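Participant: Structure incoming, see below.
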Amino acid sequence: MKQSGGAFGRIKELILYRNMERETVLEMMAWIAGQLPEHLCEGKECLTEEVRSRFYLCMHDLAELAGRYGFEGNLWHAYLTFLLVNHENIFTTSCEIRGISDGSLLALARHDYAIFRELFAFDFARIERALQDESFEEFLHYRRAQETGKLFNRRIRDRICELSVQLAGAGSTEEFTDYMITFYREFGVGKLGLHKAFRVAKTDGRVQIEPITNIAHVNLEDLVGYEIAKKKLIDNTEAFVAGRPANNCLLFGDAGTGKSSSIKAILNRYYDRGLRMIEIYKHQFQELNEVIAQIKNRNYKFIIYMDDLSFEEFEIEYKYLKAVIEGGLEKKPENILIYATSNRRHLIRETFRDNEEMSSDLHSNDTVQEKLSLVSRFGVTIYFGSPDKREFQTIVRTLAKRNQVRMPEEELLAEANKWELSHGGLSGRTAQQFIDYLLGMQAGSAEQG
């Protein structure tokens, strides 16, 4: 006589949490639970070969999940938690960043969470006795390898593992619900909640927003100098995140002065307050409307980031950008801004031909002005100029002290001057490259010693 599978038999009763990503393991476990005899004896003969094979396949998938995301502890609980934090539905997206305290959605969520509590409580001991395989114990007390788990940043990974333990220990459905709402309010849900930055891709003709999993953790305090420029960027972003009026922002100036690093640092500073960033390239500008359509109704604040933005005279992609910034009949979403960096003040290259055409084409001036007017669509423009000699030396001294470079100051500055003459001139980037070089040499000397 087969048993119904207990909680697994109620999976089809879920209301909000349906069609979940990676639910194959859950479905397979439901089938396995339904195949178990009512009175399971000990010994391998108690399970059919197909049941045994599918169970080990489930264990394989759980191990793969743990390796990819860095989970540890009870992998069954970690898996169920992974399903919950990733599933975007009307309840979870309502909870993200803001939370929810009453209403019918909350009642429906509690209905589903009662089922998940039963899934968390599933007793694998009966299967473990039948398998007579000690390796199964590793899945209930899994220890993470040092270098595994690259798809979540460490803070998210550890918080999901913590949530897994909390949910397993919840004494009631209400407590289970409170844990989930707290997580959604703190981090959000799905890929937009669990990641900071994204890129745009097109798969099978569909525009996809894909997470970027390896983000440089730059802080504004790490960037030496440019205090006025950084304050303008902070003030604009602070207003945006706080829900006040804010402007599209253009950071322009010399190469290597920290424009891109400043924007990355802004993301790291305001991520906890719901800021997300989507990087998009020039050839993808025609996809901007679709990208905006996918994010405009979420509870996050999005910066659409365009790095090293510039246009040649023959390129027309700037027209897509102008159309998005200016907007059409539909009001521009309040949760979206555009931040761009460029080495060009006017973004679009001007040539003598533009001036020559003015004498032969009555309307050519309109064409030139259309090109040059793009920069005016950015309400805030911030200049990052190359440092002078003294400023460059200040940057070098600061970075050397911060990185504990062991070298007399006079020798340090002399070597820095030699370095900048053959490595791109005076800039913050050149200073950082010089310090990295010294650290490499310093580490090499220590190894030889």
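Identifiers in the structure tokens: chain A, B, ... in order shown; residue index from 1 per chain; ligand index from 1 in order shown.
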For segment 166-176 of chain A, please output as a list of chain:residue names all residues within 6 Å (counting only C-alpha atoms; exclusion window: fewer than 2 positions along the same chain).

Facilitator: A:Ala114, A:Phe120, A:Leu163, A:Ser164, A:Asp178, A:Tyr179

Participant: Among segment 200-237 of chain A, which residues does DSSP mark as helix (DSSP H, G or I) when it is run on the backbone? Keep the chain and numbering as in the structure and answer as a list in words.

Facilitator: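 Here are the helix (DSSP H, G or I) residues of segment 200-237 of chain A: Leu220, Glu221, Asp222, Glu227, Ile228, Ala229, Lys230, Lys231, Lys232, Leu233, Ile234, Asp235, Asn236 and Thr237 of chain A.
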
Participant: Find the spatial neighbours of segment 98-111 of chain A, counting only C-alpha atoms, within a cut-off of 10 Å - ignore same-chain residues fewer than 3 positions away - and output them as a PyMOL selection string.

Facilitator: chain A and resi 13-17+90-95+114-116+173-178+180-186+188+274+299-300

Participant: List as a count of residues only the protein and nucleic acid residues near Asp222 of chain A, meaning an atom at most 9 Å away when only C-alpha atoms are counted, but skip any in the same chain fewer than 4 places from it.

Facilitator: 3

Participant: Quick one: pull the distance between atom CA of Val85 of chain A and atom CA of Glu23 of chain A, Å, one decimal.

Facilitator: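 Distance reported for this atom pair: 13.0 Å.
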
Participant: Could you list, as a list in words, every residue within 10 Å of Tyr320 of chain A, counting only C-alpha atoms and ignoring same-chain residues fewer than 3 positions away?

Facilitator: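 Here the answer would be Lys282, Gln284, Phe285, Gln286, Glu287, Leu288, Asn289, Ile316, Glu317, Ala323, Val324 and Ile325 of chain A.
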
Participant: Atoms to include: C-alpha atoms. Write the selected residues as an mmCIF file, in the first residue's frame.

Facilitator:
data_model
loop_
_atom_site.group_PDB
_atom_site.id
_atom_site.type_symbol
_atom_site.label_atom_id
_atom_site.label_comp_id
_atom_site.auth_asym_id
_atom_site.auth_seq_id
_atom_site.Cartn_x
_atom_site.Cartn_y
_atom_site.Cartn_z
ATOM 1 C CA LYS A 282 24.744 51.654 -27.240
ATOM 2 C CA GLN A 284 20.893 47.966 -27.248
ATOM 3 C CA PHE A 285 19.227 51.373 -27.027
ATOM 4 C CA GLN A 286 16.362 50.228 -29.221
ATOM 5 C CA GLU A 287 15.504 47.770 -26.410
ATOM 6 C CA LEU A 288 15.175 50.542 -23.821
ATOM 7 C CA ASN A 289 11.398 50.720 -23.967
ATOM 8 C CA ILE A 316 21.733 57.350 -34.874
ATOM 9 C CA GLU A 317 21.293 55.368 -31.635
ATOM 10 C CA ALA A 323 13.059 59.474 -27.123
ATOM 11 C CA VAL A 324 13.273 57.592 -23.825
ATOM 12 C CA ILE A 325 14.522 60.606 -21.866
#

Participant: Write out as a VMD selection string each polymer residue whose atoms come within 9 Å of segment 206-210 of chain A, counting only C-alpha atoms; drop sequence neighbours fewer than 2 positions from it.

Facilitator: chain A and resid 191 to 192 197 to 204 212 278 287 290 to 291 294

Participant: Write the residues of the preceding selection, restricted to N, CA and C atoms, as a PDB file, in the first residue's frame.

Facilitator:
ATOM      1  N   LYS A 191      15.169  37.756  -8.958  1.00  0.00           N
ATOM      2  CA  LYS A 191      16.469  38.240  -9.408  1.00  0.00           C
ATOM      3  C   LYS A 191      16.655  39.735  -9.137  1.00  0.00           C
ATOM      4  N   LEU A 192      15.594  40.520  -9.242  1.00  0.00           N
ATOM      5  CA  LEU A 192      15.737  41.951  -9.011  1.00  0.00           C
ATOM      6  C   LEU A 192      15.968  42.259  -7.539  1.00  0.00           C
ATOM      7  N   ALA A 197      23.069  44.371  -9.680  1.00  0.00           N
ATOM      8  CA  ALA A 197      23.294  44.909 -11.022  1.00  0.00           C
ATOM      9  C   ALA A 197      22.903  43.887 -12.078  1.00  0.00           C
ATOM     10  N   PHE A 198      22.570  44.413 -13.262  1.00  0.00           N
ATOM     11  CA  PHE A 198      22.045  43.564 -14.321  1.00  0.00           C
ATOM     12  C   PHE A 198      22.552  44.047 -15.678  1.00  0.00           C
ATOM     13  N   ARG A 199      22.510  43.136 -16.636  1.00  0.00           N
ATOM     14  CA  ARG A 199      22.796  43.481 -18.022  1.00  0.00           C
ATOM     15  C   ARG A 199      21.591  43.097 -18.867  1.00  0.00           C
ATOM     16  N   VAL A 200      21.555  43.601 -20.087  1.00  0.00           N
ATOM     17  CA  VAL A 200      20.439  43.323 -20.993  1.00  0.00           C
ATOM     18  C   VAL A 200      20.902  42.320 -22.042  1.00  0.00           C
ATOM     19  N   ALA A 201      20.104  41.300 -22.276  1.00  0.00           N
ATOM     20  CA  ALA A 201      20.407  40.299 -23.298  1.00  0.00           C
ATOM     21  C   ALA A 201      19.131  39.997 -24.076  1.00  0.00           C
ATOM     22  N   LYS A 202      19.309  39.450 -25.243  1.00  0.00           N
ATOM     23  CA  LYS A 202      18.162  39.083 -26.075  1.00  0.00           C
ATOM     24  C   LYS A 202      18.258  37.599 -26.375  1.00  0.00           C
ATOM     25  N   THR A 203      17.254  36.843 -25.945  1.00  0.00           N
ATOM     26  CA  THR A 203      17.231  35.403 -26.125  1.00  0.00           C
ATOM     27  C   THR A 203      15.949  35.007 -26.833  1.00  0.00           C
ATOM     28  N   ASP A 204      16.111  34.348 -27.970  1.00  0.00           N
ATOM     29  CA  ASP A 204      14.941  33.927 -28.765  1.00  0.00           C
ATOM     30  C   ASP A 204      14.008  35.104 -29.052  1.00  0.00           C
ATOM     31  N   ILE A 212      24.180  40.393 -12.963  1.00  0.00           N
ATOM     32  CA  ILE A 212      25.637  40.393 -12.987  1.00  0.00           C
ATOM     33  C   ILE A 212      26.080  39.954 -11.597  1.00  0.00           C
ATOM     34  N   ILE A 278      20.994  48.748 -14.035  1.00  0.00           N
ATOM     35  CA  ILE A 278      20.961  47.953 -15.255  1.00  0.00           C
ATOM     36  C   ILE A 278      21.909  48.589 -16.264  1.00  0.00           C
ATOM     37  N   GLU A 287      16.217  48.633 -27.349  1.00  0.00           N
ATOM     38  CA  GLU A 287      15.504  47.770 -26.410  1.00  0.00           C
ATOM     39  C   GLU A 287      15.098  48.519 -25.139  1.00  0.00           C
ATOM     40  N   GLU A 290      11.449  48.292 -23.880  1.00  0.00           N
ATOM     41  CA  GLU A 290      11.084  46.984 -23.342  1.00  0.00           C
ATOM     42  C   GLU A 290      11.678  46.795 -21.948  1.00  0.00           C
ATOM     43  N   VAL A 291      12.922  47.249 -21.757  1.00  0.00           N
ATOM     44  CA  VAL A 291      13.549  47.161 -20.437  1.00  0.00           C
ATOM     45  C   VAL A 291      12.733  47.947 -19.413  1.00  0.00           C
ATOM     46  N   GLN A 294       9.566  46.322 -18.221  1.00  0.00           N
ATOM     47  CA  GLN A 294       9.728  45.212 -17.283  1.00  0.00           C
ATOM     48  C   GLN A 294       9.980  45.657 -15.851  1.00  0.00           C
TER      49      GLN A 294
END

Participant: Separation of atom CA of Glu134 of chain A and atom CA of Glu72 of chain A, in Å?

Facilitator: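 Interatomic distance here is 17.8 Å.
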
Participant: Using only C-alpha atoms, determine which residues lie at most 6 Å from segment 247-264 of chain A, disregarding the query and same-chain residues fewer than 6 positions distant; provide the list as a ChimeraX atom specification.

Facilitator: /A:337-343,345,378-386,427-429

Participant: Rounded to one decimal, what separation in Å do you get between atom CA of Ala443 of chain A and atom CA of Glu391 of chain A?

Facilitator: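 Answer for the atom CA of Ala443 of chain A to atom CA of Glu391 of chain A separation: 27.3 Å.
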